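Single-structure report; data block below.
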Amino acid sequence: MLTEAERHEIEEEIAAVREHTRAAVVEALKVVQRRRGWVSDDDLGDVATCLGLTRTEVDAVATFYNKIFRRQVGRHVLLICDSVTCWIMGYHDLLEHLRAKWGMELGETTADNRFTLLPVACLGLCEQAPAMLLDGELYGNLTPARLDEILATHA
Amino acid sequence: MPDLREYEQAGGYAGLRVALRMTSTEVQGTVKAANLRGRGGAGFPTGVKWSAVPLGEGARRPKYLVVNADEMEPGVMKDRILLEGNPHQLIEGIVIAAHAIEAEHAFIFIRLAYREAAERLRRAIEEAASAGYLGANILGSGLNLDIAVHRSAGRYICGEETALLNALEGKRPIPRAKPPFPQTVGLWGQPTVVNNVETLCCVPHILRHGPEWFLGLSRSSDGGTKLYGASGRVRRPGVWELPMGTPLREILEEHAGGMREGYQLRGLLPGGASTDFLTPEHLDIPMDFGSVTQAGSRLGTGTMVVLDDQTCPVSMLISLEQFFARESCGWCTPCREGLPWVVRLLRALENGDGRSDDVALLEAHTRLLGPGRTFCALAPGAMEPLQSALKYFHEDFTRHIAERGCPWRKAPVV
Ligand SMILES: Cc1cc2nc3c(=O)[nH]c(=O)nc-3n(C[C@H](O)[C@H](O)[C@H](O)COP(=O)(O)O)c2cc1C
Ligand code: SF4
């Protein structure tokens with residue numbers, strides 16, 4: 001069930017796209033994800049109802065985007081760039097460090113539910129490679145030591 | 001970042017005032033005369049693109065202007081610099097372009113990762129609206145325009161202009177068949193122009209100073225300046241605005257500071273992940289559309305990715321092709337099935353499981369996924385670095401087979 005607040009925010013997104021209700025679908029999914037971390041089957045159905053779409057229509061959009069999560073994620077989502085410049089500039093060392101020191105595996109959530117680690121396409125921060133997106137925030141010029149500092153502030 | 005007053009003091013919105021004294025056709029003519037070519041990768045002449053939009057009483061309305069700020073191609077970070085650095089310049093370009101095609105609504109489609117840029121844009125749009133540069137009856141001209149920012153949720157194919165239109169409509173963003181082109185049948189079936197951020201940022205200056213001035217900035221026949229970039233093992237990775245046609249060597253050696261201590265240049269992708277490799281023998285070519293094409297590659301976005309002598313070209317290709325395979329929208333079979341196969345072949349080579357006919361198989365893919373074989377340009381773009389690597393680094397591929405693994409590394413690639 002959507003909360004009153006979620007329903008209200010979705011209504012606002014629909015109002016913003018005027019007569020094109022369907023155009024609000026990505027933002028509506030983000031409304032849910034912002035609070036719950038991901039979009040469950042039930043939530044997906046509720047979003048579909050708000051927009052007057054079928055579940056299939058909404059899922060065809062939800063499953064397409066890299067940053068709409070259709071499976072449960074941890075408290076923090078770490079998207080590590082594995083595109084070409086980061087690949088050259090130290091992606092593998094970062095990945096190894098995340099494994100060895102933080103127990104993270106690509107595509108998985110740590111046992112304490114603290115971090116989900118996923119690979120991501122180029123973040124457009126190539127002059128500061130290697131880079132990551134952590135909870136929606138961009139970080140560049142990463143080294144294992146800098147990663148430790150940043151991750152320590154994400155309980 | 002300059003606020004509205006600082007931007008105006010530097011001559012901001014003066015180009016718009018010039019444009020508002022012209023008819024739409026005159027604005028188009030000015031941009032045509034400046035020989036502005038699209039900075040989104042394909043280099044299509046901007047004024048010509050605009051002139052395909054029906055104008056006047058008989059034209060269907062509403063019409064739309066869409067700004068492509070998706071920038072998800074690996075190695076490309078130039079539009080982020082423009083968006084964060086001076087959003088008013090883009091907004092001014094949008095209003096002028098909207099006037100040129102008589103559009104009343106504009107959308108900026110910006111990738112989700114660019115949160116800071118989106119925030120600055122939002123603030124600048126508010127400032128511009130309260131100063132009368134947006135909204136109803138702009139500067140008393142009778143022109144109306146609003147701008148909405150759409151933040152997407154991350155998928156490279158959304159940068160392809162027709163997929164982008166589906167994305168804005170809230171549909172699954174796969175590309176559309178062309179023709180019809182967006183200029184006649186675009187967003188919600190209405191006449192629409194899709195332009196890149198950097199393209200539109202050139203427009204205010206063309207209007208303010210005139211096409212001759214713009215042409216004069218360039219060191220080639222394509223007008224203006226260009227944002228060039230370099231990433232990889234260079235001393236000073238970054239983005240620089242330089243005259244169009246600046247030689248590759250100058251960008252790499254003077255601006256990027258040359259290779260880092262202990263590294264040699266082996267090759268580079270001149271304009272992002274979907275452009276063919278060039279090699280050190282090409283360093284003297286001017287970085288303009290025609291010259292880079294003549295050298296067997298494409299200017300693309302003008303932001304180069306550098307391959308050094310201590311990085312395995314096959315490994316670099318794994319990253320490139322894995323990106324394209326993952327980001328393929330899956331609509332057409334050669335791309336959906338062919339790209340993962342390419343990745344498997346490259347991984348096998350890298351991990352010592354390559355077979356003698358693998359190089360021929362990779363070559364076959366560059367033809368089977370080439371231009372004309374797929375529904376959109378993603379797959380042919382993916383083949384550009386591969387086909388040129390097979391040409392320039394052929395020996396590296398065969399060594400992987402002969403030595404049963406990567407000569408550069410002992411551990412398998414993950
Ligand atoms: C797979 C793919 C991704 C693209 N991504 C972008 C992009 O992120 N930004 C962009 O401006 N153009 C991108 N393009 C090119 C656009 O389709 C379009 O040509 C461009 O936005 C037109 O703008 P311009 O004429 O101002 O260059 C992409 C094309 C393809 C095939
Ligand atoms: S070439 Fe690839 S990205 Fe383009 S339509 Fe076909 S499957 Fe989709």
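Every chain in the structure tokens takes a letter, A first, then B, and so on in the order presented; its residues are numbered from 1, and the ligands are numbered from 1 following the presented order.
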Distance filter 7 Å, only C-alpha atoms, chain B against chain A, as an NGL selection string:
:B and (71-77 or 113 or 152-155 or 168-172 or 231-232 or 237-238 or 305 or 311 or 316 or 319-320 or 323)
As a quick test: using only C-alpha atoms and all ligand atoms, which residues lie no more than 10 Å away from ligand 2? Give them as an MDAnalysis selection string.
chainID B and resid 156:158 160 163 173:177 324:339 369:382
With only C-alpha atoms and all ligand atoms counted, collect every polymer residue having an atom within 6 Å of ligand 1; state the result as an NGL selection string.
:B and (38-44 or 46 or 68-72 or 156-157 or 159-161 or 194-196 or 199 or 377-378)
Let's see if you can do this: from backbone DSSP, list all strand (DSSP E or B) residues in region 3-210 of chain B, as a ChimeraX atom specification.
/B:37,45,64-69,105-110,135,145-150,192-196
With a distance cut-off of 10 Å and only C-alpha atoms, select the neighbouring residues of Pro144 (chain A), excluding the residue or stretch itself and same-chain residues fewer than 3 positions from it, and output the selection as number ranges by chain.
A: 90, 93-98, 101, 147-149
Mind dumping the selected residues with C-alpha atoms as a short mmCIF file (atom, residue, chain, number, x, y, z; two decimals), in the first residue's frame?
```cif
data_model
loop_
_atom_site.label_atom_id
_atom_site.label_comp_id
_atom_site.auth_asym_id
_atom_site.auth_seq_id
_atom_site.Cartn_x
_atom_site.Cartn_y
_atom_site.Cartn_z
CA GLY A 90 41.95 1.37 -11.20
CA ASP A 93 41.91 -2.48 -7.47
CA LEU A 94 38.83 -0.82 -6.01
CA LEU A 95 36.74 -3.91 -6.60
CA GLU A 96 39.37 -6.11 -4.97
CA HIS A 97 39.50 -3.77 -2.00
CA LEU A 98 35.70 -3.75 -1.63
CA LYS A 101 38.09 -5.31 3.24
CA LEU A 147 36.96 4.59 -0.33
CA ASP A 148 37.50 3.58 3.30
CA GLU A 149 37.02 7.15 4.47
#
```
With only C-alpha atoms as the counted atoms, please give the residues lying no more than 12 Å from Val32 (chain A), apart from itself and same-chain residues fewer than 2 positions off, as a ChimeraX atom specification.
/A:1-10,25-30,34-48,62,68-70
7 Å contact set for Thr279 (chain B), only C-alpha atoms, chain neighbours under 3 positions out, as a ChimeraX atom specification
/B:266-268,282
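Using only C-alpha atoms, the nearest neighbour of Arg120 (chain B) within the list B:Arg60, B:Arg409, B:His88, B:Arg151 is B:His88.
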Within 7 Å of Tyr228 (chain B) using only C-alpha atoms, minus same-chain residues under 5 positions, as a PyMOL selection string
chain B and resi 239-241+302-303
Could you write those residues out with all heavy atoms, as a PDB file, in the first residue's frame?
```
ATOM      1  N   VAL B 239      38.909  18.674 -19.603  1.00  0.00           N
ATOM      2  CA  VAL B 239      38.107  19.143 -20.739  1.00  0.00           C
ATOM      3  C   VAL B 239      38.527  20.576 -21.039  1.00  0.00           C
ATOM      4  O   VAL B 239      38.683  21.366 -20.106  1.00  0.00           O
ATOM      5  CB  VAL B 239      36.599  19.108 -20.393  1.00  0.00           C
ATOM      6  CG1 VAL B 239      35.760  19.666 -21.537  1.00  0.00           C
ATOM      7  CG2 VAL B 239      36.148  17.686 -20.057  1.00  0.00           C
ATOM      8  N   TRP B 240      38.725  20.902 -22.324  1.00  0.00           N
ATOM      9  CA  TRP B 240      39.171  22.249 -22.700  1.00  0.00           C
ATOM     10  C   TRP B 240      38.364  22.749 -23.889  1.00  0.00           C
ATOM     11  O   TRP B 240      38.111  22.003 -24.826  1.00  0.00           O
ATOM     12  CB  TRP B 240      40.650  22.224 -23.099  1.00  0.00           C
ATOM     13  CG  TRP B 240      41.475  21.522 -22.075  1.00  0.00           C
ATOM     14  CD1 TRP B 240      41.997  22.047 -20.936  1.00  0.00           C
ATOM     15  CD2 TRP B 240      41.825  20.120 -22.060  1.00  0.00           C
ATOM     16  NE1 TRP B 240      42.635  21.069 -20.205  1.00  0.00           N
ATOM     17  CE2 TRP B 240      42.552  19.885 -20.876  1.00  0.00           C
ATOM     18  CE3 TRP B 240      41.582  19.045 -22.916  1.00  0.00           C
ATOM     19  CZ2 TRP B 240      43.042  18.629 -20.534  1.00  0.00           C
ATOM     20  CZ3 TRP B 240      42.063  17.794 -22.579  1.00  0.00           C
ATOM     21  CH2 TRP B 240      42.791  17.603 -21.403  1.00  0.00           C
ATOM     22  N   GLU B 241      37.999  24.029 -23.871  1.00  0.00           N
ATOM     23  CA  GLU B 241      37.358  24.630 -25.037  1.00  0.00           C
ATOM     24  C   GLU B 241      38.454  25.209 -25.916  1.00  0.00           C
ATOM     25  O   GLU B 241      39.214  26.090 -25.495  1.00  0.00           O
ATOM     26  CB  GLU B 241      36.386  25.741 -24.627  1.00  0.00           C
ATOM     27  CG  GLU B 241      35.670  26.308 -25.852  1.00  0.00           C
ATOM     28  CD  GLU B 241      34.726  27.453 -25.525  1.00  0.00           C
ATOM     29  OE1 GLU B 241      34.646  27.854 -24.352  1.00  0.00           O
ATOM     30  OE2 GLU B 241      34.081  27.950 -26.475  1.00  0.00           O
ATOM     31  N   GLY B 302      34.421  14.286 -29.348  1.00  0.00           N
ATOM     32  CA  GLY B 302      35.660  15.050 -29.187  1.00  0.00           C
ATOM     33  C   GLY B 302      36.384  14.811 -27.867  1.00  0.00           C
ATOM     34  O   GLY B 302      37.351  15.498 -27.560  1.00  0.00           O
ATOM     35  N   THR B 303      35.900  13.853 -27.084  1.00  0.00           N
ATOM     36  CA  THR B 303      36.567  13.571 -25.811  1.00  0.00           C
ATOM     37  C   THR B 303      37.283  12.223 -25.933  1.00  0.00           C
ATOM     38  O   THR B 303      36.638  11.194 -26.095  1.00  0.00           O
ATOM     39  CB  THR B 303      35.554  13.518 -24.658  1.00  0.00           C
ATOM     40  OG1 THR B 303      34.449  12.727 -25.059  1.00  0.00           O
ATOM     41  CG2 THR B 303      35.050  14.916 -24.317  1.00  0.00           C
TER      42      THR B 303
END
```
